[in-house]
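To keep things clear, I will list the structure first and then write my remarks on it.
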Amino acid sequence: MAQTLPKHKCTILTILLFSFLLYGESHKFSRKLSPKSLGLKKQKLSHLHFYFHDIVGGDHPTALRVAQSAKTNTSHTGFGFVVMIDDPLTVGPERSSKIVGRAQGIYASADLNQVGLLMVMNYVFVEGKYNGSTLSILGRNSVFSPVRELPIVGGSGLFRFARGYALAKTHFFNISNGDAVVEYNVYVQHY
């Protein structure tokens, strides 16, 4: 004859099994969400235009070399240098133009054969409806190309879930001290 569990043991086993299933469901690693549940609406496409002032020389530089390799000074590309930046973003190309944000982050020489920078930075906006919002850039900048494309990999505030690209074009470069003004046209999709 087959033996059966006593009724109270069956009830305990059922409760344990049910508890295990509930516990397993409440601690999932991921789940699907509706964009509406996060307050996201239809995506927008915005075009931003500003000038990036990389000030290396003078009494108040906004770009400082913070590291370099033992071979950086003998490399024809400057390979291995790392620069920390807090560069103003302005409406016009003049330094005195209205500041709309800051470019904060790092650029580094990352190419042994030609001048190519790894750009890791946030555009931190301080003006208008984008005040407090940021865009995150991560990409290659071939500085001697007439126009460079850098990917936008994210953002915050009004640029949450942002993606897009920035086109950089050198407006002015001072060969004696390294100061540069770069025109940016940024195309970004966001909610």
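To be explicit about the labels: the chains of the structure tokens are called A, B, and onward in the order shown, and within each one the residues are counted from 1, while ligands get numbers from 1 in the order they are shown.
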message: Among chain A, which ones does DSSP assign to alpha helix (DSSP H) (computed from the backbone)? Answer as number ranges by chain.
response: A: 7-26
task: Just list the residues in range 28-168 of chain A DSSP gives strand (DSSP E) on the backbone, as a ChimeraX atom specification.
output: /A:44-54,63-67,82-90,99-109,117-125,134-141,148-156,163-168
field: Long-range neighbours of range 59-69 of chain A as a PyMOL selection string, 8 Å cut-off, only C-alpha atoms, 2 positions minimum in chain
entry: chain A and resi 54-57+71-72+79-88
Residues of the last selection are to be written out with N, CA and C atoms, as an mmCIF file, in the first residue's frame.
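Okay, part-v9.cif is ready:
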data_model
loop_
_atom_site.group_PDB
_atom_site.id
_atom_site.type_symbol
_atom_site.label_atom_id
_atom_site.label_comp_id
_atom_site.auth_asym_id
_atom_site.auth_seq_id
_atom_site.Cartn_x
_atom_site.Cartn_y
_atom_site.Cartn_z
ATOM 1 N N ASP A 54 37.892 75.237 -25.648
ATOM 2 C CA ASP A 54 38.924 74.445 -24.982
ATOM 3 C C ASP A 54 40.104 75.385 -24.717
ATOM 4 N N ILE A 55 40.206 75.856 -23.477
ATOM 5 C CA ILE A 55 41.205 76.872 -23.124
ATOM 6 C C ILE A 55 42.351 76.186 -22.393
ATOM 7 N N VAL A 56 43.465 76.039 -23.095
ATOM 8 C CA VAL A 56 44.638 75.333 -22.573
ATOM 9 C C VAL A 56 45.641 76.310 -21.971
ATOM 10 N N GLY A 57 45.786 77.477 -22.587
ATOM 11 C CA GLY A 57 46.783 78.450 -22.157
ATOM 12 C C GLY A 57 46.206 79.531 -21.269
ATOM 13 N N LYS A 71 56.202 57.757 -22.964
ATOM 14 C CA LYS A 71 56.487 57.923 -24.401
ATOM 15 C C LYS A 71 55.662 59.038 -25.058
ATOM 16 N N THR A 72 54.776 59.692 -24.309
ATOM 17 C CA THR A 72 53.897 60.704 -24.906
ATOM 18 C C THR A 72 54.677 61.784 -25.646
ATOM 19 N N PHE A 79 50.326 60.244 -28.166
ATOM 20 C CA PHE A 79 49.652 59.064 -27.614
ATOM 21 C C PHE A 79 49.884 58.943 -26.103
ATOM 22 N N GLY A 80 48.795 58.800 -25.375
ATOM 23 C CA GLY A 80 48.878 58.551 -23.944
ATOM 24 C C GLY A 80 48.575 59.738 -23.051
ATOM 25 N N PHE A 81 48.438 60.959 -23.609
ATOM 26 C CA PHE A 81 48.097 62.064 -22.709
ATOM 27 C C PHE A 81 46.618 62.032 -22.371
ATOM 28 N N VAL A 82 46.293 62.510 -21.176
ATOM 29 C CA VAL A 82 44.912 62.570 -20.692
ATOM 30 C C VAL A 82 44.658 63.987 -20.187
ATOM 31 N N VAL A 83 43.566 64.582 -20.630
ATOM 32 C CA VAL A 83 43.214 65.960 -20.267
ATOM 33 C C VAL A 83 41.837 65.969 -19.608
ATOM 34 N N MET A 84 41.747 66.633 -18.462
ATOM 35 C CA MET A 84 40.470 66.839 -17.774
ATOM 36 C C MET A 84 39.944 68.198 -18.192
ATOM 37 N N ILE A 85 38.636 68.260 -18.520
ATOM 38 C CA ILE A 85 38.074 69.529 -19.013
ATOM 39 C C ILE A 85 36.845 69.974 -18.231
ATOM 40 N N ASP A 86 36.670 71.279 -18.198
ATOM 41 C CA ASP A 86 35.441 71.935 -17.745
ATOM 42 C C ASP A 86 35.286 73.156 -18.647
ATOM 43 N N ASP A 87 35.016 72.889 -19.923
ATOM 44 C CA ASP A 87 35.020 73.915 -20.976
ATOM 45 C C ASP A 87 33.658 74.586 -21.105
ATOM 46 N N PRO A 88 33.648 75.919 -21.269
ATOM 47 C CA PRO A 88 32.373 76.604 -21.476
ATOM 48 C C PRO A 88 31.778 76.283 -22.854
#
- request: Pick out the residues sitting within 8 Å of range 117-119 of chain A, and hand them over as a ChimeraX atom specification; count only C-alpha atoms, and ignore anything fewer than 5 positions along from it in its own chain.
  value: /A:105-111,137-143
field: Point-to-point distance in Å for CA of Asn131 in chain A and CA of Ile99 in chain A
entry: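 So the answer is 11.4 Å.
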- request: To one decimal in Å, tell me the separation between CA of Ser145 in chain A and CA of Leu112 in chain A.
  value: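 Separation between CA of Ser145 in chain A and CA of Leu112 in chain A: 16.5 Å.
Each of A:Phe172, A:Phe159, A:Phe144, A:Tyr191 was compared to Tyr123 in chain A using only C-alpha atoms, and A:Phe159 turns out to be the nearest.
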query: So what do you get for CA of Lys169 in chain A versus CA of Gln104 in chain A, distance-wise?
result: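 We find that CA of Lys169 in chain A and CA of Gln104 in chain A lie 18.5 Å from each other.
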